[in-house]
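Each remark here refers to the structure printed beneath this line.
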Amino acid sequence: MNTEGTAREAILNHIRLALQDVPAQEQPDAVVVARDYRRSESAPREEVIERFVERVAEYKVTVQCVEETSLQEAIASACAAHRVRRLVIPPDLPESWLPGGVELLQDGDALTYEQLDTSDGVLTGCALGIAQTGTIVLNGGTHQGRRVITLLPDYHLCVVYEDQIVNLVPEAIARLGDAVLRHRRPITFISGPSATSDIELNRVEGVHGPRTLNVLVVRARTRIPDERSSLRQV
């Protein structure tokens with residue numbers, strides 16, 4: 001018996017029943033959606049950044065605030081601390097980020113799953129950081145590479161610039177609209193290392209992504225712009 005096909009048909013039938021009273025000419029944007037939830041909040045930048053660092057650290061993540069001039073040194077130190085010898089990097093990563101003494105596996109020619117799985121870690125930037133939840137967001141933009149390179153390696157070292165940090169989740173969603181609607185990129189929300197729990201609530205890390213997450217928050221007035229059309233998707 002094809003239970004998968006049966007389940008699929010059951011789900012589709014539920015959807016058809018739910019749509020029976022919807023006029024055929026009605027479009028999604030014709031329905032008014034209440035937006036009375038909190039969409040922004042005035043707070044000093046220092047407070048927002050401090051909240052982001054605190055919330056990220058609550059997920060058992062090592063977070064370090066560094067000056068842009070010492071970023072390369074901080075990356076090299078993090079790699080040494082985690083015994084990273086083979087490091088996956090997106091093809092557009094700035095030279096000023098690249099650590100010495102590490103074999104760099106550039107994903108420009110699309111590394112295989114085996115190469116990614118046998119690497120010691122991955123170094124990327126991000127699209128946004130969310131202070132409210134301590135979440136890092138990837139959207140396939142500048143310095144992030146393909147989504148898969150942040151899923152298979154066991155260690156993820158992520159660089160977040162202070163001006164990429166927003167306060168609330170709705171602010172982040174608003175900023176991600178272009179990546180989704182225009183570029184059709186996959187969006188990844190990272191709140192700590194990958195983890196799951198079994199039926200007895202025993203926590204297991206590293207099942208669906210990196211077991212270890214390190215974050216470097218860069219104090220900088222400016223950063224390299226997000227060239228939204230420059231990167232590929234999975």
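We name chains A, B, ... following the order of the structure tokens; residues begin at 1 in each chain, and ligands are numbered from 1 as shown.
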
Would you list, as a ChimeraX atom specification, the residues of region 25-81 of chain A that end up in alpha helix (DSSP H) under DSSP run on this structure's backbone?
/A:45-57,71-81

Using only C-alpha atoms, find each residue of region 33-130 of chain A with at least one atom at most 7 Å away from an atom of region 208-215 of chain A; report its shortest atom-to-atom pair and that distance in Å (one decimal), sort the rows by chain and rising residue number, and return the result as a tab-separated table.
```
residue	atom	partner	partner_atom	distance
A:Val61	CA	A:Leu213	CA	5.7
A:Thr62	CA	A:Asn214	CA	5.0
A:Val63	CA	A:Val215	CA	4.8
A:Gln64	CA	A:Val215	CA	6.4
```

One decimal, Å: what's the distance from CA of Asp163 (chain A) over to CA of Glu54 (chain A), could you say?
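Straight-line distance from CA of Asp163 (chain A) to CA of Glu54 (chain A) works out to 16.8 Å.
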
Contact residues around Tyr59 (chain A) with only C-alpha atoms at 9 Å, ignoring same-chain residues under 2 positions, as a list of chain:residue names
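Final neighbour list, sorted by chain and number: A:Arg55, A:Val56, A:Ala57, A:Val61, A:Thr62, A:Gly134, A:Ser191, A:Gly192, A:Pro193.
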
Using the selection just defined, write its residues with C-alpha atoms as a CSV table (one decimal), in the first residue's frame.
```
chain,number,residue,atom,x,y,z
A,55,ARG,CA,20.8,35.7,23.5
A,56,VAL,CA,23.2,34.0,21.1
A,57,ALA,CA,25.4,32.9,24.1
A,61,VAL,CA,27.5,29.4,21.5
A,62,THR,CA,30.9,31.1,21.8
A,134,GLY,CA,19.6,35.5,19.2
A,191,SER,CA,19.5,29.7,16.7
A,192,GLY,CA,22.4,28.0,18.2
A,193,PRO,CA,24.0,24.7,17.2
```

Write down as a PyMOL selection string the residues belonging to region 15-159 of chain A that are assigned strand (DSSP E or B) by DSSP computed on the backbone.
chain A and resi 62-67+86-89+103-106+121-124+128-130+135-138+155-159

For Leu176 (chain A), find every residue with an atom within 9 Å (counting only C-alpha atoms), except residues of its own chain fewer than 3 positions away, and show them as a PyMOL selection string.
chain A and resi 127-128+139+171-173+179-181+187

So, with only C-alpha atoms as the atoms that count, which of A:Leu17, A:Leu216, A:Ala81, A:Val137 lies closest to Val169 (chain A)?
A:Val137

Quick one: residues within 9 Å of His82 (chain A), only C-alpha atoms counted, chain neighbours fewer than 5 positions away excluded, as a list in words?
Ser77, Asp120 and Tyr155 of chain A

Do a neighbour search on Gln164 (chain A) at 7 Å with only C-alpha atoms, toss out local chain neighbours closer than 2 positions, and write the hits as an mmCIF file with C-alpha atoms, in the first residue's frame.
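Just written: out29.cif:
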```cif
data_model
loop_
_atom_site.group_PDB
_atom_site.id
_atom_site.type_symbol
_atom_site.label_atom_id
_atom_site.label_comp_id
_atom_site.auth_asym_id
_atom_site.auth_seq_id
_atom_site.Cartn_x
_atom_site.Cartn_y
_atom_site.Cartn_z
ATOM 1 C CA ALA A 127 22.479 38.320 6.130
ATOM 2 C CA LEU A 128 21.149 39.397 9.527
ATOM 3 C CA GLY A 129 21.273 38.871 13.253
ATOM 4 C CA VAL A 160 28.196 39.116 12.009
ATOM 5 C CA TYR A 161 28.698 42.851 11.571
ATOM 6 C CA GLU A 162 27.036 45.131 14.101
ATOM 7 C CA VAL A 166 18.163 44.142 13.994
#
```

With distances taken over only C-alpha atoms, which residue among A:Leu201, A:Gln72, A:Arg8, A:Ser42 lies nearest Pro94 (chain A)?
A:Gln72
